[in-house]
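Here's the structure we're looking at; comments come further down.
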Protein chains: 2
Amino acid sequence: MEQSTNNFLHREDGSKPSLELSMTARVLNIIRSEREVSRADIARILDYSRSAAVQHVERLLSYGLIREVGVAASTGGRRARVLALNGNTGYIAGVDLGATSIDVAITNLAEETLSHTSDEADVSEGPERCLRQARDMIKSALDNAHIPGEQLLAIGIGVPGPVEFKTGRPVAPPIMPGWDGYPVREYFASDFACPVYVDNDVNVMALGEQWAGLGRGIENFLFVKVGTGIGCGIVCHGQLYRGADGCAGDIGHIQVDDQNVICRCGNVGCLEAVAAAPAWVRIAHEAANSSTLIADHLARRATLTAEDVSAYAERGDHACMEIIRHSGRCIGHTLAGLVNFFNPSLIVIGGGVSRTGDVWLASIRQEIYRRSLPLGSRNLLIQRSLLRDRAGVVGAVAFAIQQLFSEAELCRLLQQIAQRGNVIQMSESS
Amino acid sequence: MEQSTNNFLHREDGSKPSLELSMTARVLNIIRSEREVSRADIARILDYSRSAAVQHVERLLSYGLIREVGVAASTGGRRARVLALNGNTGYIAGVDLGATSIDVAITNLAEETLSHTSDEADVSEGPERCLRQARDMIKSALDNAHIPGEQLLAIGIGVPGPVEFKTGRPVAPPIMPGWDGYPVREYFASDFACPVYVDNDVNVMALGEQWAGLGRGIENFLFVKVGTGIGCGIVCHGQLYRGADGCAGDIGHIQVDDQNVICRCGNVGCLEAVAAAPAWVRIAHEAANSSTLIADHLARRATLTAEDVSAYAERGDHACMEIIRHSGRCIGHTLAGLVNFFNPSLIVIGGGVSRTGDVWLASIRQEIYRRSLPLGSRNLLIQRSLLRDRAGVVGAVAFAIQQLFSEAELCRLLQQIAQRGNVIQMSESS
């Protein structure tokens with residue numbers, strides 16, 4: 001059986017529709033990632049023939065997923081029409097599930113934020129309660145923005161613990177009692193028809209920083225979150241790196257100190273146990289004798305927080321300043337080792353504690369430069385997250401869109417749209 | 001200007017020859033990586049039309065780069081003919097430049113070893129002397145195997161220090177005086193017409209282990225070399241990871257110990273300073289009082305080596321056993337942190353010291369399991385290199401072939417072959 005070259009879509013295994021769909025999906029992905037492109041650009045980037053590119057573009061136009069947004073600058077001949085994603089074809093929900101709060105953002109496909117709400121919550125109350133709260137927040141946000149549920153294309157969720165990426169289930173998360181193995185995705189299935197993607201909060205923040213923060217266009221960087229715990233998102237060769245079991249970046253349990261501070265993981269001297277927010281509070285209690293500000297505070301109030309320690313340090317309290325410096329030095333010491341190992345070009349510091357004054361950041365930087373090899377740190381930037389408190393929720397949206405635009409998921413979505421509106425038949429007979 | 005679909009090779013920018021070449025290059029790469037494939041497989045894997053696949057296969061057959069090696073099992077129709085790389089079209093030289101030795105291997109394109117020689121050398125004698133020795137070793141190996149110089153397609157070299165990958169020049173290598181910035185590639189240019197690729201020895205070993213050792217098919221693993229120094233090659237998402245400045249994996253200078261041992265890098269307590277071969281010798285000298293075997297040795301001989309310490313430990317000497325255990329614990333402690341951070345599925349231990357008995361490996365493993373998170377180590381394998389002393393030279397060959405089979409390099413090679421033999425014209429007019 002001799003084959004002719006004039007059917008570009010031909011495949012040996014006869015799976016013509018699925019190849020066609022995946023070619024359309026690739027075109028859509030290029031339009032998204034390049035933001036504005038012509039049909040000729042698409043043909044060139046994907047190595048498609050001009051007429052194949054045109055055909056897939058027509059399909060996406062007929063689905064309403066893309067639109068023409070103008071013409072390109074003239075290059076001599078007829079000016080090319082420029083295509084872009086039609087952001088309002090569908091919507092994304094991003095959920096940042098923190099230890100003590102839930103943030104929900106609704107964006108369109110172009111990641112323009114339509115709504116952002118934040119509520120207090122307590123992750124230790126277990127999954128049903130927290131997820132119900134998150135679900136209700138998504139529903140009201142959609143209602144308020146007059147978005148019908150079926151236009152929600154994906155939900156991305158970041159949770160404060162390790163997640164088995166394949167199934168979206170938390171795995172033995174230390175600060176999330178009751179969540180071990182809980183089917184988070186399935187919980188949302190009865191209320192939303194769209195796919196739900198779940199990952200560790202720090203991974204999600206790293207994706208947010210890559211999409212909309214300091215990590216744009218950076219091939220290799222670390223996002224370090226310091227709050228109740230300490231964790232790290234790793235971007236390697238431009239992609240989020242999750243490791244063999246999905247738990248890469250768990251730097252909070254690297255040993256940094258010989259003092260006998262027992263960590264919640266059972267080991268002693270873990271970074272988290274000596275440098276995260278709870279450690280600040282613990283050391284501050286121990287230092288009450290040598291700090292009138294701390295002693296006064298404890299006499300007046302039942303609780304002392306890491307924010308209080310930070311505020312007293314700003315007011316010049318020596319004990320609080322030393323707490324902050326010690327935390328910075330321990331974090332910097334651990335990161336120095338990781339700079340030798342990973343040689344990133346950027347370290348982004350985020351999480352609740354990162355709002356602390358410059359003394360803390362300076363201590364981190366000082367220790368990194370003191371302890372890492374000059375060759376590995378000569379071009380290294382160490383910066384606070386540009387997204388600050390929004391890193392989690394921006395990241396959850398970026399994560400959902402990234403997953404949705406994977407080829408397999410896009411094909412599924414295109415198939416759905418085609419079946420819903422009979423659009424494939426219309427465009428194919430035209 | 002309307003385009004037709006029947007010219008699969010058409011591109012908007014009119015760069016037809018280079019696109020054709022790169023398509024041929026991709027076909028060659030598939031035949032290499034899959035080892036045995038049919039024309040139909042190639043069309044399917046690359047999304048080429050059947051006739052395009054056939055055309056590129058014909059070209060590669062006419063160049064002698066591939067050959068038909070049989071027919072596939074019947075799937076009902078006519079049985080497909082199976083293609084494979086023609087290993088003897090060209091040859092590769094791999095050079096492992098160690099601190100005290102040079103190894104040279106000559107293989108064919110299918111990585112079948114034709115010759116392997118090893119000579120004593122001293123890297124501290126500077127680049128001219130060492131590179132001349134390496135060059136002479138390559139030349140005699142080619143002569144002995146009756147391979148004309150122009151059939152040498154690439155040279156891969158691993159050197160014991162950091163290398164700027166783009167230029168192939170060593171960067172401030174601590175144990176290689178006189179090598180800083182030395183143009184290694186250019187040194188070979190007058191004797192060999194082929195490209196020369198240079199990288200750090202540990203990176204090269206990791207590639208060797210990936211190609212022919214325990215790392216086959218493993219997406220994320222570490223190759224840890226322990227010898228005069230300690231370094232680590234990182235494979236991430238299936239690719240060697242070099243970091244932002246090409247110095248990723250420099251784990252020998254992570255701080256592991258508070259004792260005031262000064263490292264050659266100027267810092268104190270670096271892993272290398274307390275756990276690599278020279279540290280064994282230093283500690284053994286200090287322990288001469290408590291070990292009759294060491295004391296006897298020093299009375300009889302001028303030098304004491306890490307191998308001696310290892311041998312005495314095998315004979316039950318407590319001081320030597322403790323030296324080995326301490327080294328293992330320090331290495332394990334550092335690797336435990338890296339397991340938390342990187343969550344690899346495999347750690348391969350190689351380098352000269354890795355020949356030491358099982359006590360050393362057991363200490364490494366024990367400390368990794370003690371100090372890393374259970375989730376990250378539950379599927380982790382920690383093994384000695386399968387390639388042992390050959391890791392460097394096997395890796396240098398694998399590295400050269402990997403670089404040679406990059407699309408840009410393959411296009412260059414194909415162009416060269418075409419020009420040399422006028423083969424392109426012949427095959428196009430047929």
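Every chain in the structure tokens has a letter given in the order shown (A, B, ...), and although residue numbers restart at 1 in each chain, ligands are simply numbered from 1 in the order shown.
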
Compile the residues of chain A that lie within 6 Å of chain B, evaluated using only C-alpha atoms, and express the compilation as a PyMOL selection string.
chain A and resi 5-6+243-244+248-251+254+337+340-345

Residue selection dump (C-alpha atoms) as a CSV table (one decimal), in the first residue's frame:
```
chain,number,residue,atom,x,y,z
A,5,THR,CA,2.4,12.8,0.9
A,6,ASN,CA,-0.6,15.0,0.3
A,243,GLY,CA,11.2,14.3,42.4
A,244,ALA,CA,10.7,10.6,42.3
A,248,ALA,CA,11.3,17.1,46.3
A,249,GLY,CA,12.0,20.4,48.1
A,250,ASP,CA,11.3,19.3,51.6
A,251,ILE,CA,14.2,21.3,53.0
A,254,ILE,CA,17.6,19.2,56.6
A,337,GLY,CA,24.6,23.9,50.6
A,340,ASN,CA,26.6,24.3,45.8
A,341,PHE,CA,24.4,21.4,44.8
A,342,PHE,CA,21.9,23.0,42.5
A,343,ASN,CA,23.6,26.2,41.2
A,344,PRO,CA,20.3,28.1,40.6
A,345,SER,CA,20.4,31.7,39.2
```

If you count only C-alpha atoms, which residues fall within 10 Å of Ser118 of chain B, apart from same-chain ones fewer than 6 positions away, as a short mmCIF file (atom, residue, chain, number, x, y, z; two decimals) with N, CA, C and O atoms, in the first residue's frame?
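Below is the file that was written, out31.cif:
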```cif
data_model
loop_
_atom_site.label_atom_id
_atom_site.label_comp_id
_atom_site.auth_asym_id
_atom_site.auth_seq_id
_atom_site.Cartn_x
_atom_site.Cartn_y
_atom_site.Cartn_z
N VAL B 95 37.91 10.36 26.71
CA VAL B 95 39.11 10.58 27.52
C VAL B 95 38.70 10.89 28.96
O VAL B 95 37.91 11.81 29.20
N ASP B 96 39.18 10.09 29.90
CA ASP B 96 38.93 10.36 31.31
C ASP B 96 40.24 10.87 31.91
O ASP B 96 41.18 10.10 32.13
N SER B 101 45.84 9.89 36.48
CA SER B 101 45.83 8.93 35.36
C SER B 101 45.04 9.48 34.19
O SER B 101 44.23 10.39 34.33
N ILE B 102 45.32 8.91 33.01
CA ILE B 102 44.51 9.23 31.83
C ILE B 102 44.02 7.91 31.24
O ILE B 102 44.82 6.99 31.02
N ASP B 103 42.73 7.82 31.01
CA ASP B 103 42.14 6.65 30.33
C ASP B 103 41.61 7.11 28.99
O ASP B 103 40.97 8.16 28.90
N VAL B 104 41.86 6.31 27.96
CA VAL B 104 41.33 6.62 26.63
C VAL B 104 40.63 5.38 26.09
O VAL B 104 41.18 4.27 26.13
N ALA B 105 39.40 5.57 25.61
CA ALA B 105 38.69 4.48 24.94
C ALA B 105 38.31 4.91 23.54
O ALA B 105 38.01 6.07 23.31
N ALA B 134 47.35 12.75 26.29
CA ALA B 134 46.03 12.26 25.87
C ALA B 134 45.97 12.15 24.35
O ALA B 134 45.48 11.16 23.79
N MET B 137 47.86 9.22 23.15
CA MET B 137 47.14 7.98 23.45
C MET B 137 46.02 7.74 22.44
O MET B 137 45.80 6.62 21.99
N VAL B 393 35.51 6.84 31.53
CA VAL B 393 35.81 6.71 30.11
C VAL B 393 34.55 6.30 29.33
O VAL B 393 34.30 6.79 28.23
#
```

Taking 6 positions as the minimum chain separation for residues in the same chain, which residues sit within 9 Å of Ala72 of chain B when counting only C-alpha atoms? Answer as a PDB file with C-alpha atoms, in the first residue's frame.
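That gives us around.pdb:
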```
ATOM      1  CA  VAL B  37      12.918   0.461  14.223  1.00  0.00           C
ATOM      2  CA  SER B  38      10.939   0.110  10.987  1.00  0.00           C
ATOM      3  CA  ARG B  79       6.761  -7.793   7.458  1.00  0.00           C
ATOM      4  CA  ALA B  80       8.561  -4.463   8.008  1.00  0.00           C
ATOM      5  CA  ARG B  81      12.315  -4.249   7.482  1.00  0.00           C
ATOM      6  CA  VAL B  82      14.174  -3.214  10.615  1.00  0.00           C
TER       7      VAL B  82
END
```

When DSSP works through the backbone of this structure, what residues of segment 15-214 of chain A end up as alpha helix (DSSP H), shown as a ChimeraX atom specification?
/A:16-34,39-46,50-62,127-144,184-189,201-212

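In this model, the gap between atom CA of Leu28 of chain B and atom CA of Glu150 of chain B comes to 20.4 Å.
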